[in-house]
$ cat work.cif   # mmCIF, C-alpha atoms
data_query
loop_
_atom_site.label_atom_id
_atom_site.label_comp_id
_atom_site.auth_asym_id
_atom_site.auth_seq_id
_atom_site.Cartn_x
_atom_site.Cartn_y
_atom_site.Cartn_z
CA MET C 1 55.20 84.30 91.56
CA ALA C 2 57.53 85.59 88.87
CA ILE C 3 60.61 87.52 89.98
CA ASP C 4 61.78 90.24 87.61
CA LEU C 5 65.30 91.52 88.35
CA SER C 6 65.54 93.71 85.26
CA HIS C 7 65.63 97.50 85.30
CA PRO C 8 63.40 99.76 83.18
CA ALA C 9 64.75 100.75 79.78
CA GLU C 10 65.31 104.36 80.88
CA VAL C 11 67.45 103.20 83.82
CA ARG C 12 69.55 100.94 81.59
CA GLU C 13 69.97 103.83 79.17
CA LEU C 14 71.05 106.17 82.00
CA ALA C 15 73.53 103.57 83.25
CA GLY C 16 74.96 103.30 79.74
CA ARG C 17 75.37 107.05 79.42
CA THR C 18 76.97 107.14 82.86
CA ARG C 19 79.39 104.41 81.82
CA ALA C 20 80.47 106.39 78.77
CA PHE C 21 80.73 109.67 80.67
CA ILE C 22 82.89 108.15 83.40
CA ARG C 23 85.31 106.49 81.00
CA GLU C 24 85.62 109.41 78.62
CA GLN C 25 85.65 112.41 80.94
CA VAL C 26 86.30 111.35 84.53
CA LEU C 27 88.77 108.45 84.54
CA PRO C 28 91.49 110.46 82.77
CA VAL C 29 91.37 113.12 85.51
CA GLU C 30 91.47 110.51 88.28
CA ASP C 31 94.42 108.72 86.66
CA GLU C 32 96.35 111.94 86.18
CA HIS C 33 96.11 112.79 89.88
CA ASP C 34 96.28 109.27 91.41
CA GLY C 35 92.78 109.59 92.84
CA ASN C 36 93.65 112.53 95.09
CA ILE C 37 90.73 114.92 94.66
CA THR C 38 92.44 117.81 96.47
CA ALA C 39 95.48 117.59 94.20
CA ALA C 40 93.16 117.40 91.19
CA GLY C 41 91.53 120.72 92.02
CA GLY C 42 89.10 120.11 94.86
CA GLU C 43 86.08 122.38 94.72
CA LYS C 44 87.03 123.79 91.31
CA LEU C 45 87.16 120.26 89.89
CA ARG C 46 83.81 119.39 91.47
CA VAL C 47 82.11 122.32 89.73
CA GLU C 48 83.71 121.42 86.40
CA LEU C 49 82.84 117.73 86.57
CA GLN C 50 79.28 118.38 87.67
CA SER C 51 78.78 120.83 84.83
CA ALA C 52 79.99 118.16 82.42
CA ALA C 53 77.66 115.61 84.03
CA ARG C 54 74.70 117.95 83.50
CA ASP C 55 75.65 118.34 79.86
CA ALA C 56 75.82 114.55 79.54
CA GLY C 57 72.39 114.18 81.16
CA VAL C 58 73.66 111.99 84.03
CA PHE C 59 73.68 114.47 86.92
CA ALA C 60 71.91 113.69 90.24
CA PRO C 61 70.23 110.36 89.40
CA HIS C 62 68.95 110.09 92.99
CA ALA C 63 67.61 113.61 93.51
CA PRO C 64 63.92 114.53 93.21
CA ILE C 65 62.92 115.49 89.68
CA GLU C 66 61.71 118.93 90.80
CA TYR C 67 65.29 119.73 91.85
CA GLY C 68 66.92 118.68 88.60
CA GLY C 69 67.46 114.99 89.39
CA HIS C 70 66.21 111.75 87.87
CA GLY C 71 64.24 110.64 90.94
CA LEU C 72 65.46 107.04 90.95
CA GLY C 73 64.44 104.68 93.75
CA MET C 74 66.97 102.53 95.58
CA SER C 75 66.85 99.52 93.24
CA ASP C 76 67.19 101.64 90.11
CA ARG C 77 70.11 103.58 91.58
CA ALA C 78 72.25 100.45 91.78
CA PRO C 79 73.43 100.08 88.16
CA VAL C 80 73.88 103.85 87.72
CA PHE C 81 75.81 104.32 90.97
CA GLU C 82 77.99 101.31 90.18
CA GLU C 83 78.94 102.80 86.82
CA ALA C 84 79.68 106.13 88.52
CA GLY C 85 81.84 104.40 91.14
CA TYR C 86 84.03 102.88 88.42
CA SER C 87 86.02 106.08 88.88
CA LEU C 88 86.89 107.37 92.35
CA PHE C 89 85.87 110.83 91.12
CA GLY C 90 82.65 109.60 89.50
CA PRO C 91 80.38 110.01 92.53
CA THR C 92 81.51 113.61 92.96
CA ALA C 93 80.86 114.28 89.28
CA LEU C 94 77.27 112.98 89.51
CA ASN C 95 76.63 114.64 92.91
CA ILE C 96 76.12 111.22 94.51
CA ALA C 97 79.17 111.20 96.79
CA ALA C 98 78.93 110.82 100.54
CA PRO C 99 77.69 112.60 102.56
CA ASP C 100 75.72 114.75 100.10
CA GLU C 101 73.86 111.85 98.53
CA GLY C 102 72.64 110.56 101.89
CA ASN C 103 71.73 114.06 103.02
CA VAL C 104 69.65 114.63 99.88
CA HIS C 105 67.81 111.38 100.59
CA MET C 106 67.10 112.29 104.21
CA LEU C 107 66.10 115.90 103.56
CA ALA C 108 63.71 114.78 100.83
CA HIS C 109 61.96 112.53 103.36
CA ILE C 110 62.05 114.66 106.52
CA ALA C 111 62.57 118.38 105.79
CA ASP C 112 59.65 120.79 105.82
CA PRO C 113 58.93 122.94 102.73
CA GLU C 114 61.03 125.90 103.95
CA GLN C 115 63.98 123.64 104.81
CA LYS C 116 63.75 121.97 101.43
CA GLN C 117 63.94 125.35 99.71
CA GLN C 118 66.85 126.58 101.83
CA PHE C 119 68.91 123.41 102.08
CA LEU C 120 67.72 120.53 99.88
CA GLU C 121 67.29 122.36 96.59
CA PRO C 122 70.78 123.95 96.44
CA LEU C 123 72.34 120.66 97.59
CA ALA C 124 70.51 118.57 95.02
CA ARG C 125 71.43 121.02 92.27
CA GLY C 126 75.11 120.96 93.25
CA GLN C 127 75.21 124.61 94.28
CA VAL C 128 76.58 123.71 97.73
CA ARG C 129 77.99 120.73 99.61
CA SER C 130 76.94 119.51 103.04
CA ALA C 131 78.15 117.56 106.06
CA PHE C 132 76.48 115.20 108.54
CA ALA C 133 77.92 115.77 112.02
CA MET C 134 77.36 112.79 114.30
CA THR C 135 80.67 111.04 115.12
CA GLU C 136 82.52 112.25 118.23
CA PRO C 137 85.84 111.53 119.94
CA ALA C 138 85.74 109.02 122.80
CA PRO C 139 83.78 108.70 124.97
CA GLY C 140 81.24 110.19 122.56
CA ALA C 141 79.20 108.72 119.73
CA GLY C 142 80.98 106.47 117.28
CA SER C 143 79.91 102.94 116.45
CA ASP C 144 77.54 103.32 119.40
CA PRO C 145 75.42 106.40 118.58
CA SER C 146 73.73 106.28 121.99
CA ALA C 147 76.99 107.60 123.47
CA LEU C 148 76.14 111.00 121.94
CA THR C 149 77.54 113.82 124.09
CA THR C 150 76.98 116.95 121.96
CA ARG C 151 74.24 118.82 123.78
CA ALA C 152 71.49 121.15 122.56
CA THR C 153 69.59 123.14 125.17
CA ARG C 154 66.64 125.44 124.72
CA ALA C 155 67.54 129.14 124.63
CA GLU C 156 65.76 132.35 123.83
CA GLY C 157 64.93 132.21 120.14
CA GLY C 158 65.80 128.56 119.64
CA TRP C 159 68.51 126.11 120.69
CA ARG C 160 72.14 126.44 121.80
CA ILE C 161 74.47 123.63 120.71
CA SER C 162 77.85 122.73 122.23
CA GLY C 163 80.02 119.77 121.34
CA HIS C 164 83.01 118.35 119.50
CA LYS C 165 82.71 116.16 116.40
CA TRP C 166 85.35 114.46 114.29
CA PHE C 167 85.72 112.39 111.12
CA ILE C 168 83.06 114.65 109.59
CA THR C 169 83.30 113.97 105.88
CA GLY C 170 83.14 116.98 103.56
CA ALA C 171 83.20 119.50 106.42
CA ASP C 172 85.82 121.75 104.84
CA GLY C 173 83.88 123.83 102.32
CA ALA C 174 80.43 122.53 103.22
CA GLY C 175 77.61 125.03 102.82
CA PHE C 176 75.63 123.66 105.77
CA PHE C 177 75.69 121.00 108.47
CA ILE C 178 73.16 118.50 109.75
CA ILE C 179 74.03 118.23 113.44
CA MET C 180 73.08 115.39 115.74
CA ALA C 181 72.80 116.66 119.33
CA ARG C 182 71.33 115.33 122.55
CA THR C 183 68.22 117.19 123.68
CA SER C 184 67.24 114.83 126.50
CA GLY C 185 68.64 111.94 128.49
CA GLU C 186 72.27 111.10 129.17
CA PRO C 187 75.05 109.50 127.07
CA GLY C 188 74.44 105.79 126.83
CA GLU C 189 70.67 106.10 126.93
CA ARG C 190 68.60 105.27 123.89
CA GLY C 191 66.71 108.15 122.31
CA GLY C 192 66.94 111.80 123.20
CA ALA C 193 68.70 113.01 120.05
CA THR C 194 67.58 115.76 117.67
CA MET C 195 68.85 116.82 114.23
CA PHE C 196 69.52 120.47 113.52
CA LEU C 197 70.31 122.35 110.30
CA ALA C 198 72.91 125.12 110.40
CA PRO C 199 74.62 127.16 107.67
CA ALA C 200 78.39 126.73 107.78
CA ASP C 201 78.98 130.42 108.43
CA SER C 202 76.90 130.40 111.62
CA PRO C 203 78.70 132.02 114.60
CA GLY C 204 79.83 129.28 116.94
CA LEU C 205 80.39 126.67 114.23
CA ARG C 206 84.07 126.05 113.57
CA VAL C 207 85.76 123.53 111.28
CA GLY C 208 89.07 122.36 112.71
CA ARG C 209 91.86 120.22 111.36
CA HIS C 210 91.71 117.65 108.62
CA ILE C 211 92.24 114.17 110.03
CA ASP C 212 94.75 112.60 107.65
CA THR C 213 93.24 109.29 106.53
CA VAL C 214 94.36 106.78 103.92
CA ASP C 215 91.55 107.66 101.51
CA LYS C 216 91.99 110.76 99.38
CA SER C 217 89.01 110.82 97.01
CA MET C 218 86.35 112.45 99.21
CA ILE C 219 86.13 116.20 98.76
CA GLY C 220 86.28 118.30 101.93
CA GLY C 221 88.23 115.68 103.86
CA HIS C 222 87.35 114.17 107.23
CA CYS C 223 87.51 116.99 109.76
CA GLU C 224 87.09 117.94 113.38
CA VAL C 225 84.16 120.29 113.92
CA PHE C 226 83.45 122.36 117.03
CA PHE C 227 80.10 123.75 118.14
CA GLU C 228 80.77 126.51 120.64
CA ASP C 229 77.44 127.86 121.92
CA LEU C 230 76.05 127.68 118.39
CA LEU C 231 72.63 129.33 118.47
CA VAL C 232 70.09 128.05 115.95
CA PRO C 233 66.42 129.04 115.61
CA GLU C 234 63.51 126.72 116.29
CA SER C 235 63.10 126.39 112.52
CA ALA C 236 66.49 124.64 112.43
CA VAL C 237 65.04 121.47 113.96
CA LEU C 238 64.90 118.76 111.30
CA GLY C 239 61.79 116.71 111.93
CA GLU C 240 60.74 116.46 115.57
CA VAL C 241 62.65 117.00 118.80
CA ASP C 242 64.07 113.80 120.39
CA ARG C 243 63.51 111.73 117.24
CA GLY C 244 66.98 112.15 115.76
CA PHE C 245 67.98 108.50 116.12
CA ASP C 246 64.79 107.43 114.34
CA TYR C 247 65.50 109.82 111.49
CA ALA C 248 69.11 108.65 111.27
CA GLN C 249 67.80 105.26 110.14
CA VAL C 250 66.05 106.97 107.22
CA ARG C 251 69.50 108.02 106.07
CA LEU C 252 71.88 105.30 107.24
CA GLY C 253 70.30 102.19 105.71
CA PRO C 254 70.04 103.64 102.19
CA ALA C 255 73.42 105.38 102.54
CA ARG C 256 75.10 102.07 103.36
CA MET C 257 73.64 100.57 100.20
CA THR C 258 74.72 103.46 97.98
CA HIS C 259 78.22 103.08 99.45
CA VAL C 260 78.07 99.45 98.33
CA MET C 261 77.00 100.51 94.84
CA ARG C 262 79.82 103.02 94.46
CA TRP C 263 82.61 100.88 95.90
CA LEU C 264 81.46 97.87 93.88
CA GLY C 265 82.10 99.97 90.80
CA ALA C 266 85.62 100.70 92.03
CA ALA C 267 86.26 97.03 92.78
CA ARG C 268 84.98 96.08 89.35
CA ARG C 269 87.49 98.43 87.78
CA GLY C 270 90.27 96.72 89.72
CA HIS C 271 89.04 93.32 88.56
CA ASP C 272 88.86 94.48 84.93
CA VAL C 273 92.42 95.81 85.09
CA ALA C 274 93.69 92.54 86.54
CA VAL C 275 91.89 90.28 84.06
CA THR C 276 93.19 92.37 81.15
CA HIS C 277 96.71 92.05 82.58
CA VAL C 278 96.70 88.28 83.10
CA ALA C 279 95.10 87.68 79.71
CA GLN C 280 98.21 89.24 78.10
CA ARG C 281 101.10 88.66 80.50
CA ARG C 282 103.09 85.49 79.87
CA GLY C 283 105.04 83.47 82.40
CA PHE C 284 105.89 79.86 83.15
CA GLY C 285 105.23 78.86 79.58
CA SER C 286 101.70 80.29 79.22
CA ARG C 287 99.52 83.31 79.80
CA LEU C 288 99.00 83.97 83.48
CA GLY C 289 95.25 83.80 82.90
CA ASP C 290 95.65 80.15 81.89
CA LEU C 291 97.25 79.17 85.20
CA GLY C 292 95.04 77.48 87.77
CA MET C 293 95.92 79.70 90.75
CA VAL C 294 95.25 82.86 88.79
CA GLN C 295 92.00 81.43 87.45
CA GLN C 296 90.89 80.74 91.01
CA MET C 297 91.44 84.40 91.93
CA ILE C 298 89.49 85.51 88.86
CA ALA C 299 86.62 83.15 89.70
CA ASP C 300 86.58 84.23 93.35
CA ASN C 301 86.36 87.86 92.23
CA GLU C 302 83.46 87.05 89.92
CA ILE C 303 81.69 85.25 92.78
CA ASP C 304 82.21 88.18 95.17
CA ILE C 305 80.90 90.65 92.58
CA ALA C 306 77.80 88.54 91.91
CA ALA C 307 77.11 87.87 95.59
CA THR C 308 77.48 91.54 96.48
CA ARG C 309 75.00 92.50 93.77
CA ALA C 310 72.55 89.86 94.95
CA LEU C 311 72.61 91.01 98.58
CA LEU C 312 72.37 94.61 97.46
CA THR C 313 69.35 93.80 95.29
CA ARG C 314 67.54 92.21 98.22
CA ALA C 315 68.24 95.13 100.57
CA CYS C 316 67.20 97.74 98.02
CA TRP C 317 64.00 95.81 97.29
CA GLU C 318 63.09 95.97 100.97
CA LEU C 319 63.93 99.67 101.18
CA ASP C 320 61.82 100.45 98.11
CA ARG C 321 58.91 98.64 99.78
CA GLY C 322 59.19 101.02 102.73
CA GLU C 323 60.54 98.35 105.08
CA PRO C 324 63.23 99.18 107.68
CA ALA C 325 65.53 96.60 106.04
CA ALA C 326 67.87 96.77 109.04
CA ASN C 327 69.00 93.17 108.77
CA ALA C 328 69.22 93.13 104.99
CA THR C 329 71.30 96.32 104.88
CA SER C 330 73.60 95.11 107.67
CA ILE C 331 74.17 91.81 105.85
CA ALA C 332 74.76 93.48 102.49
CA LYS C 333 77.04 96.16 103.93
CA THR C 334 79.17 93.71 105.92
CA TYR C 335 79.59 91.23 103.09
CA ALA C 336 80.20 93.93 100.50
CA ALA C 337 82.78 95.87 102.50
CA GLU C 338 84.86 92.73 102.94
CA ALA C 339 84.23 91.32 99.46
CA ILE C 340 85.13 94.60 97.77
CA PHE C 341 88.45 94.66 99.59
CA ARG C 342 89.09 91.01 98.64
CA ILE C 343 88.38 91.80 94.98
CA VAL C 344 90.86 94.66 94.92
CA ASP C 345 93.43 92.69 96.92
CA ARG C 346 93.26 89.69 94.59
CA SER C 347 93.46 92.01 91.59
CA THR C 348 96.59 93.57 93.06
CA GLN C 349 98.12 90.12 93.56
CA MET C 350 97.38 89.08 90.00
CA CYS C 351 99.29 92.08 88.68
CA GLY C 352 102.43 91.45 90.74
CA GLY C 353 104.78 94.42 91.01
CA LEU C 354 102.55 96.56 88.82
CA GLY C 355 99.75 95.98 91.30
CA VAL C 356 101.48 98.10 93.92
CA ALA C 357 102.78 100.70 91.47
CA ALA C 358 101.12 103.91 90.34
CA ASP C 359 101.21 102.64 86.74
CA LEU C 360 97.91 100.88 87.50
CA PRO C 361 95.01 102.13 89.68
CA LEU C 362 95.03 99.12 92.01
CA ALA C 363 97.14 100.58 94.81
CA ARG C 364 94.91 103.63 95.13
CA LEU C 365 91.78 101.49 94.90
CA ALA C 366 93.05 99.41 97.83
CA ARG C 367 93.71 102.63 99.73
CA GLU C 368 90.20 103.89 99.10
CA VAL C 369 88.12 100.76 99.75
CA ARG C 370 89.82 99.65 102.98
CA PRO C 371 88.01 102.21 105.20
CA PHE C 372 84.61 100.91 104.07
CA ARG C 373 84.97 98.08 106.59
CA ILE C 374 84.84 100.84 109.24
CA TYR C 375 82.76 103.65 107.71
CA ASP C 376 78.99 103.40 108.19
CA GLY C 377 79.45 100.85 110.96
CA PRO C 378 82.38 98.45 111.40
CA SER C 379 81.84 94.89 110.26
CA GLU C 380 81.99 93.72 113.87
CA VAL C 381 79.12 96.01 114.93
CA HIS C 382 76.94 94.84 112.06
CA ARG C 383 77.72 91.21 112.90
CA TRP C 384 76.73 91.85 116.51
CA ALA C 385 73.42 93.40 115.35
CA ILE C 386 72.72 90.53 112.94
CA ALA C 387 73.39 87.93 115.61
CA LYS C 388 71.33 89.83 118.18
CA ARG C 389 68.33 89.86 115.83
CA ALA C 390 68.72 86.14 115.11
CA VAL C 391 68.83 85.26 118.82
CA SER C 392 65.82 87.51 119.53
CA ALA C 393 63.85 85.82 116.75
CA ALA C 394 64.71 82.39 118.17
CA LYS C 395 63.56 83.46 121.64
CA ARG C 396 60.26 84.76 120.25
CA ALA C 397 59.69 81.52 118.34
CA GLN C 398 60.38 79.52 121.49
CA ARG C 399 57.91 81.61 123.50
CA ASP C 400 55.26 81.25 120.81
CA ALA C 401 55.68 77.49 120.86
CA GLU C 402 55.21 77.22 124.61
#

$ encode --input "work.cif" --output "structure tokens"
Amino acid sequence: MAIDLSHPAEVRELAGRTRAFIREQVLPVEDEHDGNITAAGGEKLRVELQSAARDAGVFAPHAPIEYGGHGLGMSDRAPVFEEAGYSLFGPTALNIAAPDEGNVHMLAHIADPEQKQQFLEPLARGQVRSAFAMTEPAPGAGSDPSALTTRATRAEGGWRISGHKWFITGADGAGFFIIMARTSGEPGERGGATMFLAPADSPGLRVGRHIDTVDKSMIGGHCEVFFEDLLVPESAVLGEVDRGFDYAQVRLGPARMTHVMRWLGAARRGHDVAVTHVAQRRGFGSRLGDLGMVQQMIADNEIDIAATRALLTRACWELDRGEPAANATSIAKTYAAEAIFRIVDRSTQMCGGLGVAADLPLARLAREVRPFRIYDGPSEVHRWAIAKRAVSAAKRAQRDAE
């Protein structure tokens, strides 16, 4: 059977327009402010860049067409998101930054018509931002979501939520929150979680301090959030009660892959900067790019870029077919998070002193891509899950053979 890895003409055209938009209108702003989105203007900058993206016809490639987007599936998002990620500010400009992009995807699949009107449409159109509140301080939910401690109990008129979250990306300035809370069972037990929607100005919802992390390109920071007897109506339940962990998979698998797309774009920029440098810089009697050790780093970067794209293609193909793709997304995410860091690290090394200076973007790219080995599941957790599935498959095969 023939395998066609090409994208439709309209997707290639959109990727080309995105490429031009990022280089002409977004990269100069990122470079001026060293990739720090707060210093560059924060919310004001977001509105300006998104307006420019609309004018360029590249806004919201992932969002449903009825909400002003292009309605691209997972596979067709890859080249467009990669071009957007070439700038650290590019995802914000196209309204495809985390967590909003993943929240648009999940709301489009799970929200009821009223919830789509109240929450999805303004988010997809860039009128508001959002946050996804799941991670908690120890001993609560982190890499192990079953440790969820935030509790929602039935109350007159709806549900009352109490809990403490942290590392909630985009919380400062978000228009609404998707809250993961336990509605049955105890921490450590599988199941029993429910997702709730709550406007940010709801009484009992409080955004606390910004947790100062190495990355500076995500608008709204990574914050502590407190739910102090937050009362939400029954209509705030997203999907069905006690199915929150099931719904999380609707979001997390695709969101991991769109992270790969965006950060691959950033890594590719680092590689391009380094190759341009070594093609010109002379030392030891020749151009650096003609030296064997430098050529090995260039080749290894090219291999990591190609391998990341290949694993991403496979995972997105499975997702577009409606498959869970748990193993494929874990493999792609783990490889990509480490490969992307290697690409930027090698690129830094090739540029010597300039590689760690603000004259080039490499130092800030290294700062931004390092957390990806932790965000959306640490590499170690994904490796454990991959190995667990492999062992389970071997046990099933052995039983079938007996």

$ closest_residue --input "work.cif" --among "C:Ala141, C:Val214, C:Ala111, C:Ile179" --to "Leu238 (chain C)" --atoms "all atoms listed in the file"
C:Ala111

$ atom_distance --input "work.cif" --atom1 "CA of Val294 (chain C)" --atom2 "CA of Leu362 (chain C)"
16.6 Å

$ resolve_selection --input "work.cif" --expression "the PyMOL selection byres ((chain C and resi 94) around 8)" --output "ChimeraX atom specification"
/C:49-50,53,58-61,84,90-93,95-97

$ resolve_selection --input "work.cif" --expression "the PyMOL selection byres ((chain C and resi 144-160) around 8)" --output "VMD selection string"
chain C and resid 134 to 136 139 to 143 161 to 164 180 to 183 186 to 191 193 229 to 235

$ write_last_selection --input "work.cif" --atoms "C-alpha atoms" --output "mmCIF file, in the frame of the given file"
data_model
loop_
_atom_site.group_PDB
_atom_site.id
_atom_site.type_symbol
_atom_site.label_atom_id
_atom_site.label_comp_id
_atom_site.auth_asym_id
_atom_site.auth_seq_id
_atom_site.Cartn_x
_atom_site.Cartn_y
_atom_site.Cartn_z
ATOM 1 C CA MET C 134 77.360 112.790 114.300
ATOM 2 C CA THR C 135 80.670 111.040 115.120
ATOM 3 C CA GLU C 136 82.520 112.250 118.230
ATOM 4 C CA PRO C 139 83.780 108.700 124.970
ATOM 5 C CA GLY C 140 81.240 110.190 122.560
ATOM 6 C CA ALA C 141 79.200 108.720 119.730
ATOM 7 C CA GLY C 142 80.980 106.470 117.280
ATOM 8 C CA SER C 143 79.910 102.940 116.450
ATOM 9 C CA ILE C 161 74.470 123.630 120.710
ATOM 10 C CA SER C 162 77.850 122.730 122.230
ATOM 11 C CA GLY C 163 80.020 119.770 121.340
ATOM 12 C CA HIS C 164 83.010 118.350 119.500
ATOM 13 C CA MET C 180 73.080 115.390 115.740
ATOM 14 C CA ALA C 181 72.800 116.660 119.330
ATOM 15 C CA ARG C 182 71.330 115.330 122.550
ATOM 16 C CA THR C 183 68.220 117.190 123.680
ATOM 17 C CA GLU C 186 72.270 111.100 129.170
ATOM 18 C CA PRO C 187 75.050 109.500 127.070
ATOM 19 C CA GLY C 188 74.440 105.790 126.830
ATOM 20 C CA GLU C 189 70.670 106.100 126.930
ATOM 21 C CA ARG C 190 68.600 105.270 123.890
ATOM 22 C CA GLY C 191 66.710 108.150 122.310
ATOM 23 C CA ALA C 193 68.700 113.010 120.050
ATOM 24 C CA ASP C 229 77.440 127.860 121.920
ATOM 25 C CA LEU C 230 76.050 127.680 118.390
ATOM 26 C CA LEU C 231 72.630 129.330 118.470
ATOM 27 C CA VAL C 232 70.090 128.050 115.950
ATOM 28 C CA PRO C 233 66.420 129.040 115.610
ATOM 29 C CA GLU C 234 63.510 126.720 116.290
ATOM 30 C CA SER C 235 63.100 126.390 112.520
#

$ resolve_selection --input "work.cif" --expression "the PyMOL selection byres ((chain C and resi 327) around 8)" --output "PDB file with C-alpha atoms, in the frame of the given file"
ATOM      1  CA  ALA C 325      65.530  96.600 106.040  1.00  0.00           C
ATOM      2  CA  ALA C 326      67.870  96.770 109.040  1.00  0.00           C
ATOM      3  CA  ALA C 328      69.220  93.130 104.990  1.00  0.00           C
ATOM      4  CA  THR C 329      71.300  96.320 104.880  1.00  0.00           C
ATOM      5  CA  SER C 330      73.600  95.110 107.670  1.00  0.00           C
ATOM      6  CA  ILE C 331      74.170  91.810 105.850  1.00  0.00           C
ATOM      7  CA  ALA C 385      73.420  93.400 115.350  1.00  0.00           C
ATOM      8  CA  ILE C 386      72.720  90.530 112.940  1.00  0.00           C
ATOM      9  CA  ARG C 389      68.330  89.860 115.830  1.00  0.00           C
TER      10      ARG C 389
END

$ closest_residue --input "work.cif" --among "C:Arg287, C:Arg309, C:Arg206, C:Arg346" --to "Gly270 (chain C)" --atoms "only C-alpha atoms"
C:Arg346

$ closest_residue --input "work.cif" --among "C:Ile211, C:Leu197, C:Ala366, C:Ile219" --to "Gly173 (chain C)" --atoms "all atoms listed in the file"
C:Ile219

$ atom_distance --input "work.cif" --atom1 "CA of Gln25 (chain C)" --atom2 "CA of Ile168 (chain C)"
28.9 Å

$ residues_near_point --input "work.cif" --point "(78.2, 113.4, 101.6)" --cutoff "9 Å" --atoms "all atoms listed in the file" --output "PyMOL selection string"
chain C and resi 95-104+129-132+169-170+218-219

$ atom_distance --input "work.cif" --atom1 "CA of Ala299 (chain C)" --atom2 "CA of Glu338 (chain C)"
16.4 Å

$ residues_around --input "work.cif" --residues "Leu360 (chain C)" --least-positions-apart "2" --cutoff "10 Å" --atoms "all atoms listed in the file" --output "PyMOL selection string"
chain C and resi 31+34+270+273-274+348+351+354-358+362-365

$ residues_around --input "work.cif" --residues "His105 (chain C)" --least-positions-apart "3" --cutoff "9 Å" --atoms "all atoms listed in the file" --output "list of chain:residue names"
C:His62, C:Ala63, C:Pro64, C:Asp100, C:Glu101, C:Gly102, C:Ala108, C:His109, C:Ile110, C:Val250, C:Arg251, C:Pro254, C:Ala255

$ residues_around --input "work.cif" --residues "Ile374 (chain C)" --least-positions-apart "6" --cutoff "10 Å" --atoms "all atoms listed in the file" --output "ChimeraX atom specification"
/C:143,334,337,380-381

$ residues_around --input "work.cif" --residues "Leu27 (chain C)" --least-positions-apart "6" --cutoff "10 Å" --atoms "all atoms listed in the file" --output "number ranges by chain"
C: 21, 35, 86-90

$ closest_residue --input "work.cif" --among "C:Arg367, C:Lys388, C:Ala279, C:Met257" --to "Tyr335 (chain C)" --atoms "only C-alpha atoms"
C:Met257
